[in-house]
Amino acid sequence: MAVKTIAVLTSGGDAPGMNAAIRAVVRTAIARGLKVKGIERGYSGLLNEEIIDMQPYSVSDIIQRGGTILGTARCPEFVNPEIQKQGAEICHKHGIDGLVVIGGDGSYRGAQALARQGINAVGIPGTIDLDIACTEYTIGFDTAINTAMEAIDKVRETSTSHERCSIIEVMGRHAGYIALWCGVANGAEDILLPERYDYDEQAIINNIIEKRKMGKKHHIIINAEGIGHSNSMAKRIEAATGMETRATILGHMQRGGSPTCKDRYYASIMGAYAVDLLIAGKTKRVVGYQHGEFVDFDIEEALAMKKDIPEYPYEIAKLLSK
């Protein structure tokens, strides 16, 4: 049966570029003759029937804004099959026969569950962590790394002036992509990734001491959120090396800010692509980007994929830090 009304929601952590994707979903769908609804506050908003009609003007002047105009919220109860059934019934009640979900793996599982209940669903990768295995790009990553890079440059300047060691903690609970990219781009001496760190703090201390003997007057450590404990690490390093050490936790500033051109462009194409998949009668799909092309995968296949830090860039990062 042809899709007539679609809804769009954002779920999980917000990411710069989500608004560009929402805008593309709304305007593409309306241009294709569909009705569009927005679901506020993710799956939680679906369960509370926080559902609004969307028009082309509803998404005017949002492409340059960070965050998500629809809002987002965690909804742990959505793992319950009875709650999933309730969500599908609410979709049917509001005439929603197609759903675009913008978020990460957890959001995809919600879309997968609704698809099993008869709601055509397509996922778009929205996460600053770049940790979705089926795609080389996720909405928000480019903005996040540029925000972090600029902040680290500023910390580096004061670290150099004071001849300090600076531990700068970036986001990435389970994935070290932000840390890796910024570690290379900012010329860090040490990069600590959840996928690779062996918790050998003495090796870091030895590296600092060795570089000081060579005349290095400052030291930058990029630490991923998944490793954490930056403040206590700073105290231990200062005690062991005698070098003044400060920790800076960049935190949620990496989620905010006006999205880069890349995040606006890719998110826009992905939003339109998701709508066209639904119009073509496809469901349980995830939009991705691979080898210069926008592609789609079965949700089951996408969720089964695993992703790891590529070895060559990691080895080069270590080589360049010497």
# chains A, B, ... in the order shown; residues from 1 in each chain; ligands from 1
$ closest_atom_pairs --of "region 116-202 of chain A" --to "region 214-236 of chain A" --cutoff "7 Å" --atoms "only C-alpha atoms" --output "tab-separated table"
residue	atom	partner	partner_atom	distance
A:Ser159	CA	A:His218	CA	6.2
A:Thr160	CA	A:His218	CA	5.3
A:Glu163	CA	A:His218	CA	4.8
A:Arg164	CA	A:His218	CA	5.0
A:Cys165	CA	A:His219	CA	4.5
A:Ser166	CA	A:Ile220	CA	5.1
A:Ile167	CA	A:Ile221	CA	4.7
A:Ile168	CA	A:Ile222	CA	5.0
A:Glu169	CA	A:Asn223	CA	4.6
A:Val170	CA	A:Ala224	CA	5.2
A:Met171	CA	A:Glu225	CA	4.9
A:Gly172	CA	A:Glu225	CA	5.1
A:Arg173	CA	A:Gly226	CA	3.8
A:His174	CA	A:Gly226	CA	5.6
A:Gly176	CA	A:Ala224	CA	6.1
A:Ala179	CA	A:Ala224	CA	5.7
A:Gly183	CA	A:Ile222	CA	6.0
A:Ala188	CA	A:Ile220	CA	4.9
A:Glu189	CA	A:Ile220	CA	5.4
A:Asp190	CA	A:Ile221	CA	4.7
A:Ile191	CA	A:Ile222	CA	4.8
A:Leu192	CA	A:Asn223	CA	4.9
A:Leu193	CA	A:Ala224	CA	5.7
A:Pro194	CA	A:Gly226	CA	5.7
$ write_last_selection --atoms "N, CA and C atoms" --output "compact mmCIF listing (two decimals), in the first residue's frame"
# COMPACT_ATOMS: atom_id res chain seq x y z
N SER A 159 48.73 26.14 26.96
CA SER A 159 49.59 25.06 27.46
C SER A 159 51.04 25.34 27.10
N THR A 160 51.26 25.83 25.88
CA THR A 160 52.61 26.17 25.44
C THR A 160 53.17 27.33 26.25
N GLU A 163 54.05 26.08 29.65
CA GLU A 163 54.86 24.85 29.64
C GLU A 163 54.19 23.74 30.44
N ARG A 164 52.93 23.51 30.10
CA ARG A 164 52.10 22.53 30.80
C ARG A 164 51.89 21.27 29.97
N CYS A 165 51.42 20.27 30.68
CA CYS A 165 50.79 19.11 30.04
C CYS A 165 49.28 19.34 30.13
N SER A 166 48.59 19.20 29.01
CA SER A 166 47.13 19.37 29.00
C SER A 166 46.46 18.08 28.56
N ILE A 167 45.54 17.61 29.39
CA ILE A 167 44.71 16.46 29.01
C ILE A 167 43.37 17.03 28.58
N ILE A 168 43.00 16.81 27.34
CA ILE A 168 41.76 17.36 26.81
C ILE A 168 40.82 16.21 26.48
N GLU A 169 39.71 16.18 27.19
CA GLU A 169 38.76 15.07 27.04
C GLU A 169 37.68 15.45 26.04
N VAL A 170 37.55 14.61 25.00
CA VAL A 170 36.53 14.82 23.98
C VAL A 170 35.46 13.74 24.09
N MET A 171 34.34 13.93 23.42
CA MET A 171 33.25 12.97 23.51
C MET A 171 33.58 11.70 22.75
N GLY A 172 32.88 10.64 23.10
CA GLY A 172 33.10 9.32 22.52
C GLY A 172 33.14 8.29 23.62
N ARG A 173 31.94 7.84 24.02
CA ARG A 173 31.85 6.89 25.14
C ARG A 173 32.39 5.52 24.76
N HIS A 174 32.03 5.07 23.55
CA HIS A 174 32.48 3.75 23.10
C HIS A 174 33.33 3.82 21.84
N GLY A 176 36.28 6.03 19.50
CA GLY A 176 37.35 7.01 19.61
C GLY A 176 37.59 7.86 18.38
N ALA A 179 38.39 11.57 19.08
CA ALA A 179 39.73 11.65 19.67
C ALA A 179 40.82 11.41 18.63
N GLY A 183 43.24 14.23 17.53
CA GLY A 183 44.62 13.95 17.91
C GLY A 183 45.58 14.20 16.75
N ALA A 188 48.56 16.13 18.68
CA ALA A 188 48.70 15.69 20.07
C ALA A 188 49.86 14.71 20.22
N GLU A 189 50.46 14.73 21.41
CA GLU A 189 51.56 13.80 21.71
C GLU A 189 51.05 12.42 22.11
N ASP A 190 49.86 12.36 22.70
CA ASP A 190 49.25 11.08 23.07
C ASP A 190 47.77 11.13 22.75
N ILE A 191 47.24 10.03 22.21
CA ILE A 191 45.81 9.91 21.90
C ILE A 191 45.29 8.65 22.56
N LEU A 192 44.29 8.80 23.42
CA LEU A 192 43.77 7.65 24.17
C LEU A 192 42.37 7.29 23.65
N LEU A 193 42.26 6.12 23.06
CA LEU A 193 41.02 5.67 22.43
C LEU A 193 40.43 4.48 23.19
N PRO A 194 39.12 4.43 23.38
CA PRO A 194 38.51 3.28 24.08
C PRO A 194 38.84 1.95 23.40
$ select_by_dssp --residues "region 143-212 of chain A" --states "alpha helix (DSSP H)" --output "PyMOL selection string"
chain A and resi 143-162+177-185+201-212
$ write_last_selection --atoms "C-alpha atoms" --output "mmCIF file, in the first residue's frame"
data_model
loop_
_atom_site.group_PDB
_atom_site.id
_atom_site.type_symbol
_atom_site.label_atom_id
_atom_site.label_comp_id
_atom_site.auth_asym_id
_atom_site.auth_seq_id
_atom_site.Cartn_x
_atom_site.Cartn_y
_atom_site.Cartn_z
ATOM 1 C CA THR A 143 30.812 19.828 13.096
ATOM 2 C CA ALA A 144 31.828 18.123 16.336
ATOM 3 C CA ILE A 145 35.423 17.505 15.276
ATOM 4 C CA ASN A 146 35.794 21.067 14.007
ATOM 5 C CA THR A 147 34.366 22.463 17.255
ATOM 6 C CA ALA A 148 36.725 20.262 19.284
ATOM 7 C CA MET A 149 39.711 21.050 17.057
ATOM 8 C CA GLU A 150 39.268 24.793 17.499
ATOM 9 C CA ALA A 151 38.907 24.435 21.277
ATOM 10 C CA ILE A 152 42.008 22.212 21.489
ATOM 11 C CA ASP A 153 44.023 24.756 19.469
ATOM 12 C CA LYS A 154 43.174 27.366 22.095
ATOM 13 C CA VAL A 155 44.097 25.088 24.991
ATOM 14 C CA ARG A 156 47.348 24.204 23.231
ATOM 15 C CA GLU A 157 48.347 27.873 23.021
ATOM 16 C CA THR A 158 47.995 28.446 26.751
ATOM 17 C CA SER A 159 49.591 25.064 27.462
ATOM 18 C CA THR A 160 52.612 26.169 25.443
ATOM 19 C CA SER A 161 52.802 29.536 27.213
ATOM 20 C CA HIS A 162 52.792 27.900 30.650
ATOM 21 C CA TYR A 177 36.821 8.684 16.229
ATOM 22 C CA ILE A 178 36.603 12.241 17.589
ATOM 23 C CA ALA A 179 39.735 11.650 19.674
ATOM 24 C CA LEU A 180 41.625 10.125 16.732
ATOM 25 C CA TRP A 181 40.728 12.843 14.242
ATOM 26 C CA CYS A 182 41.462 15.649 16.699
ATOM 27 C CA GLY A 183 44.622 13.954 17.907
ATOM 28 C CA VAL A 184 45.997 14.013 14.365
ATOM 29 C CA ALA A 185 44.576 17.436 13.447
ATOM 30 C CA GLU A 201 49.673 5.225 32.355
ATOM 31 C CA GLN A 202 53.365 4.730 32.985
ATOM 32 C CA ALA A 203 53.928 4.684 29.221
ATOM 33 C CA ILE A 204 52.361 8.165 28.985
ATOM 34 C CA ILE A 205 54.504 9.386 31.877
ATOM 35 C CA ASN A 206 57.638 7.980 30.231
ATOM 36 C CA ASN A 207 56.673 9.681 26.963
ATOM 37 C CA ILE A 208 56.314 13.058 28.710
ATOM 38 C CA ILE A 209 59.664 12.688 30.477
ATOM 39 C CA GLU A 210 61.405 11.615 27.257
ATOM 40 C CA LYS A 211 59.995 14.529 25.285
ATOM 41 C CA ARG A 212 61.013 17.002 27.994
#
$ closest_atom_pairs --of "region 132-226 of chain A" --to "region 275-297 of chain A" --cutoff "7 Å" --atoms "only C-alpha atoms" --output "JSON lines"
{"residue": "A:Cys134", "atom": "CA", "partner": "A:Gly288", "partner_atom": "CA", "distance": 6.3}
{"residue": "A:Thr135", "atom": "CA", "partner": "A:Gly288", "partner_atom": "CA", "distance": 4.6}
{"residue": "A:Glu136", "atom": "CA", "partner": "A:Tyr289", "partner_atom": "CA", "distance": 5.6}
{"residue": "A:Tyr137", "atom": "CA", "partner": "A:Tyr289", "partner_atom": "CA", "distance": 5.9}
$ select_by_dssp --residues "region 30-235 of chain A" --states "strand (DSSP E)" --output "NGL selection string"
:A and (35-39 or 51-54 or 98-103 or 120-125 or 165-170 or 190-192 or 219-224)
$ residues_around --residues "region 85-88 of chain A" --least-positions-apart "5" --cutoff "7 Å" --atoms "only C-alpha atoms" --output "PyMOL selection string"
chain A and resi 46-47+114+117+119
$ write_last_selection --atoms "C-alpha atoms" --output "tab-separated table (two decimals), in the first residue's frame"
chain	number	residue	atom	x	y	z
A	46	LEU	CA	5.41	9.39	20.21
A	47	LEU	CA	4.08	7.59	23.28
A	114	LEU	CA	7.88	-0.32	14.68
A	117	GLN	CA	4.43	-3.75	13.81
A	119	ILE	CA	4.96	0.89	10.21
$ atom_distance --atom1 "CA of Tyr265 (chain A)" --atom2 "CA of Ile102 (chain A)"
15.3 Å
$ closest_residue --among "A:Lys35, A:Arg41, A:Arg27, A:Lys213" --to "Ser11 (chain A)" --atoms "only C-alpha atoms"
A:Arg41
$ residues_around --residues "Met305 (chain A)" --least-positions-apart "4" --cutoff "9 Å" --atoms "only C-alpha atoms" --output "list in words"
Ile132, Ala133, Cys134, Glu300 and Glu301 of chain A
$ closest_residue --among "A:Gly67, A:Gly17, A:Gly110, A:Gly42" --to "His252 (chain A)" --atoms "only C-alpha atoms"
A:Gly67
$ atom_distance --atom1 "CA of Asp14 (chain A)" --atom2 "CA of Ile269 (chain A)"
18.6 Å
$ atom_distance --atom1 "CA of Ile62 (chain A)" --atom2 "CA of Ile22 (chain A)"
9.1 Å
$ closest_residue --among "A:Ile124, A:Val36, A:Ala31, A:Val100" --to "Ala15 (chain A)" --atoms "only C-alpha atoms"
A:Ile124
$ closest_residue --among "A:Gly95, A:Gly12, A:Glu50, A:Arg246" --to "Pro76 (chain A)" --atoms "only C-alpha atoms"
A:Gly12
